[in-house]
file work-v3.pdb (PDB, C-alpha atoms)
ATOM      1  CA  MET O   1     -76.080 168.403 211.867
ATOM      2  CA  ARG O   2     -78.737 167.141 209.471
ATOM      3  CA  VAL O   3     -79.287 164.036 207.336
ATOM      4  CA  TRP O   4     -80.448 164.593 203.739
ATOM      5  CA  ASP O   5     -82.058 162.200 201.263
ATOM      6  CA  LEU O   6     -79.669 162.112 198.311
ATOM      7  CA  ALA O   7     -82.377 161.269 195.763
ATOM      8  CA  THR O   8     -84.992 163.872 196.775
ATOM      9  CA  ARG O   9     -82.633 166.400 198.413
ATOM     10  CA  ASP O  10     -85.111 166.664 201.302
ATOM     11  CA  PRO O  11     -84.097 166.623 204.972
ATOM     12  CA  VAL O  12     -84.663 163.350 206.811
ATOM     13  CA  ASP O  13     -86.227 163.958 210.240
ATOM     14  CA  ASP O  14     -84.976 166.598 212.682
ATOM     15  CA  PRO O  15     -81.347 167.734 213.022
ATOM     16  CA  PHE O  16     -79.040 166.042 215.529
ATOM     17  CA  THR O  17     -78.489 168.568 218.326
ATOM     18  CA  CYS O  18     -76.095 167.782 221.165
ATOM     19  CA  HIS O  19     -72.893 169.641 220.317
ATOM     20  CA  THR O  20     -72.569 172.946 222.151
ATOM     21  CA  GLY O  21     -70.278 174.384 219.462
ATOM     22  CA  ARG O  22     -70.156 174.193 215.677
ATOM     23  CA  VAL O  23     -69.900 170.751 214.090
ATOM     24  CA  GLU O  24     -66.642 170.649 212.124
ATOM     25  CA  ALA O  25     -66.265 166.980 211.075
ATOM     26  CA  VAL O  26     -68.627 164.124 210.214
ATOM     27  CA  ALA O  27     -68.101 160.482 209.232
ATOM     28  CA  VAL O  28     -70.448 157.564 208.616
ATOM     29  CA  ALA O  29     -69.625 154.067 209.848
ATOM     30  CA  GLU O  30     -71.178 150.786 210.858
ATOM     31  CA  LEU O  31     -71.327 149.672 214.492
ATOM     32  CA  ASP O  32     -72.725 146.244 215.412
ATOM     33  CA  GLY O  33     -74.346 145.998 211.980
ATOM     34  CA  ARG O  34     -76.153 149.341 212.103
ATOM     35  CA  PRO O  35     -75.249 152.638 210.443
ATOM     36  CA  VAL O  36     -73.962 155.385 212.740
ATOM     37  CA  VAL O  37     -72.757 158.947 212.357
ATOM     38  CA  VAL O  38     -69.638 160.163 214.147
ATOM     39  CA  SER O  39     -69.321 163.914 214.633
ATOM     40  CA  GLY O  40     -66.655 166.215 216.009
ATOM     41  CA  GLY O  41     -67.121 169.797 217.016
ATOM     42  CA  ARG O  42     -65.756 173.023 218.383
ATOM     43  CA  ASP O  43     -66.942 171.886 221.825
ATOM     44  CA  SER O  44     -63.913 169.488 221.815
ATOM     45  CA  THR O  45     -66.107 166.369 221.746
ATOM     46  CA  VAL O  46     -66.574 163.419 219.422
ATOM     47  CA  ARG O  47     -70.087 161.963 219.441
ATOM     48  CA  VAL O  48     -71.661 158.824 217.990
ATOM     49  CA  TRP O  49     -75.261 158.830 216.743
ATOM     50  CA  GLU O  50     -77.742 156.186 215.619
ATOM     51  CA  LEU O  51     -78.332 157.189 211.994
ATOM     52  CA  ALA O  52     -81.884 155.799 211.811
ATOM     53  CA  THR O  53     -83.166 157.616 214.906
ATOM     54  CA  GLY O  54     -80.753 160.512 215.521
ATOM     55  CA  ASP O  55     -80.272 159.319 219.107
ATOM     56  CA  PRO O  56     -76.818 159.716 220.685
ATOM     57  CA  LEU O  57     -75.062 156.426 221.473
ATOM     58  CA  GLY O  58     -73.268 156.582 224.801
ATOM     59  CA  ASP O  59     -71.364 159.482 226.277
ATOM     60  CA  PRO O  60     -69.241 161.750 224.085
ATOM     61  CA  PHE O  61     -65.488 161.245 223.774
ATOM     62  CA  THR O  62     -63.894 164.163 225.649
ATOM     63  CA  CYS O  63     -60.133 163.605 225.272
ATOM     64  CA  HIS O  64     -59.404 166.698 223.171
ATOM     65  CA  THR O  65     -58.853 170.136 224.697
ATOM     66  CA  GLY O  66     -59.434 171.972 221.417
ATOM     67  CA  GLY O  67     -62.074 171.781 218.716
ATOM     68  CA  VAL O  68     -62.209 168.559 216.706
ATOM     69  CA  GLU O  69     -61.578 169.425 213.056
ATOM     70  CA  ALA O  70     -61.122 166.032 211.382
ATOM     71  CA  LEU O  71     -62.454 162.496 211.830
ATOM     72  CA  ALA O  72     -61.790 159.120 210.280
ATOM     73  CA  VAL O  73     -63.357 155.770 211.071
ATOM     74  CA  GLY O  74     -61.789 152.378 210.557
ATOM     75  CA  GLU O  75     -61.089 149.043 212.133
ATOM     76  CA  LEU O  76     -58.271 147.977 214.457
ATOM     77  CA  GLY O  77     -57.927 144.364 215.501
ATOM     78  CA  GLY O  78     -61.498 143.665 214.386
ATOM     79  CA  ARG O  79     -62.916 146.556 216.421
ATOM     80  CA  PRO O  80     -64.437 149.739 215.004
ATOM     81  CA  VAL O  81     -62.422 152.839 215.891
ATOM     82  CA  VAL O  82     -62.620 156.586 215.333
ATOM     83  CA  VAL O  83     -59.623 158.912 215.068
ATOM     84  CA  GLY O  84     -60.012 162.632 215.726
ATOM     85  CA  GLY O  85     -57.697 165.488 214.837
ATOM     86  CA  SER O  86     -57.930 168.617 216.950
ATOM     87  CA  TRP O  87     -56.833 172.228 217.269
ATOM     88  CA  ASP O  88     -55.021 171.072 220.419
ATOM     89  CA  SER O  89     -52.378 169.619 218.031
ATOM     90  CA  THR O  90     -53.232 165.995 218.835
ATOM     91  CA  VAL O  91     -54.636 163.025 216.985
ATOM     92  CA  ARG O  92     -56.470 160.615 219.273
TER      93      ARG O  92
END

call {"tool": "encode", "arguments": {"input": "work-v3.pdb", "output": "structure tokens"}}
result
Amino acid sequence: MRVWDLATRDPVDDPFTCHTGRVEAVAVAELDGRPVVVSGGRDSTVRVWELATGDPLGDPFTCHTGGVEALAVGELGGRPVVVGGSWDSTVR
């Protein structure tokens, strides 16, 4: 997964590399006032990244048993949440 500068079309820093399978879904959100990237992949994980540094934030979410194909971010009761849809026929 890579971040690109929209104005110059140049890559920003190095790619994010922690998924062990293909990245299938990406969303951008804000967490505690800072921009983050949420990614889901064929390795059945959902990961959260610090957008400015590319560093992973915490451990991956590992609830799915199939590849994560869709992600959405939102807010529930004032808390940021992520919802993942998977090939295991679940939404979590």

call {"tool": "resolve_selection", "arguments": {"input": "work-v3.pdb", "expression": "the PyMOL selection byres ((chain O and resi 1) around 6)", "output": "list of chain:residue names"}}
result
O:Arg2, O:Pro15, O:Phe16

call {"tool": "residues_around", "arguments": {"input": "work-v3.pdb", "residues": "O:Cys63", "least_positions_apart": "4", "cutoff": "9 Å", "atoms": "all atoms listed in the file", "output": "number ranges by chain"}}
result
O: 44-46, 92

call {"tool": "write_last_selection", "arguments": {"input": "work-v3.pdb", "atoms": "C-alpha atoms", "output": "compact mmCIF listing (two decimals), in the coordinates of the input"}}
result
# COMPACT_ATOMS: atom_id res chain seq x y z
CA SER O 44 -63.91 169.49 221.82
CA THR O 45 -66.11 166.37 221.75
CA VAL O 46 -66.57 163.42 219.42
CA ARG O 92 -56.47 160.62 219.27

call {"tool": "closest_residue", "arguments": {"input": "work-v3.pdb", "among": "O:Trp4, O:Cys18, O:Gly66, O:Asp10", "to": "O:Val48", "atoms": "all atoms listed in the file"}}
result
O:Cys18

call {"tool": "residues_around", "arguments": {"input": "work-v3.pdb", "residues": "O:His19", "least_positions_apart": "3", "cutoff": "12 Å", "atoms": "only C-alpha atoms", "output": "compact mmCIF listing (two decimals) with C-alpha atoms, in the coordinates of the input"}}
result
# COMPACT_ATOMS: atom_id res chain seq x y z
CA MET O 1 -76.08 168.40 211.87
CA PRO O 15 -81.35 167.73 213.02
CA PHE O 16 -79.04 166.04 215.53
CA ARG O 22 -70.16 174.19 215.68
CA VAL O 23 -69.90 170.75 214.09
CA GLU O 24 -66.64 170.65 212.12
CA ALA O 25 -66.26 166.98 211.08
CA VAL O 38 -69.64 160.16 214.15
CA SER O 39 -69.32 163.91 214.63
CA GLY O 40 -66.66 166.22 216.01
CA GLY O 41 -67.12 169.80 217.02
CA ARG O 42 -65.76 173.02 218.38
CA ASP O 43 -66.94 171.89 221.82
CA SER O 44 -63.91 169.49 221.82
CA THR O 45 -66.11 166.37 221.75
CA VAL O 46 -66.57 163.42 219.42
CA ARG O 47 -70.09 161.96 219.44
CA VAL O 48 -71.66 158.82 217.99
CA TRP O 49 -75.26 158.83 216.74
CA PRO O 56 -76.82 159.72 220.68
CA ASP O 59 -71.36 159.48 226.28
CA PRO O 60 -69.24 161.75 224.08
CA PHE O 61 -65.49 161.24 223.77
CA THR O 62 -63.89 164.16 225.65
CA GLY O 67 -62.07 171.78 218.72
CA VAL O 68 -62.21 168.56 216.71

call {"tool": "axis_aligned_box", "arguments": {"input": "work-v3.pdb", "around": "stretch 6-15 of chain O", "padding_each_side": "6 Å", "output": "JSON"}}
result
{"center_x": -82.9, "center_y": 164.5, "center_z": 204.4, "size_x": 18.6, "size_y": 18.5, "size_z": 29.3}

call {"tool": "resolve_selection", "arguments": {"input": "work-v3.pdb", "expression": "the PyMOL selection byres ((chain O and resi 53) around 10)", "output": "compact mmCIF listing (two decimals) with C-alpha atoms, in the frame of the given file"}}
result
# COMPACT_ATOMS: atom_id res chain seq x y z
CA ASP O 13 -86.23 163.96 210.24
CA ASP O 14 -84.98 166.60 212.68
CA PHE O 16 -79.04 166.04 215.53
CA VAL O 36 -73.96 155.38 212.74
CA TRP O 49 -75.26 158.83 216.74
CA GLU O 50 -77.74 156.19 215.62
CA LEU O 51 -78.33 157.19 211.99
CA ALA O 52 -81.88 155.80 211.81
CA GLY O 54 -80.75 160.51 215.52
CA ASP O 55 -80.27 159.32 219.11
CA PRO O 56 -76.82 159.72 220.68

call {"tool": "resolve_selection", "arguments": {"input": "work-v3.pdb", "expression": "the PyMOL selection byres ((chain O and resi 87) around 8)", "output": "number ranges by chain"}}
result
O: 65-69, 85-86, 88-90

call {"tool": "closest_residue", "arguments": {"input": "work-v3.pdb", "among": "O:Val91, O:Ala7, O:Ala70, O:Val81", "to": "O:Val26", "atoms": "all atoms listed in the file"}}
result
O:Ala70

call {"tool": "atom_distance", "arguments": {"input": "work-v3.pdb", "atom1": "atom CA of O:Ala27", "atom2": "atom CA of O:Gly78"}}
result
18.8 Å

call {"tool": "closest_residue", "arguments": {"input": "work-v3.pdb", "among": "O:Leu57, O:Leu76, O:Val12, O:Leu6", "to": "O:Val37", "atoms": "only C-alpha atoms"}}
result
O:Leu57

call {"tool": "atom_distance", "arguments": {"input": "work-v3.pdb", "atom1": "atom CA of O:Ala72", "atom2": "atom CA of O:Ala29"}}
result
9.3 Å

call {"tool": "atom_distance", "arguments": {"input": "work-v3.pdb", "atom1": "atom CA of O:Thr8", "atom2": "atom CA of O:Val28"}}
result
19.8 Å

call {"tool": "residues_around", "arguments": {"input": "work-v3.pdb", "residues": "O:Arg79", "least_positions_apart": "4", "cutoff": "12 Å", "atoms": "only C-alpha atoms", "output": "VMD selection string"}}
result
chain O and resid 30 to 32 73 to 75
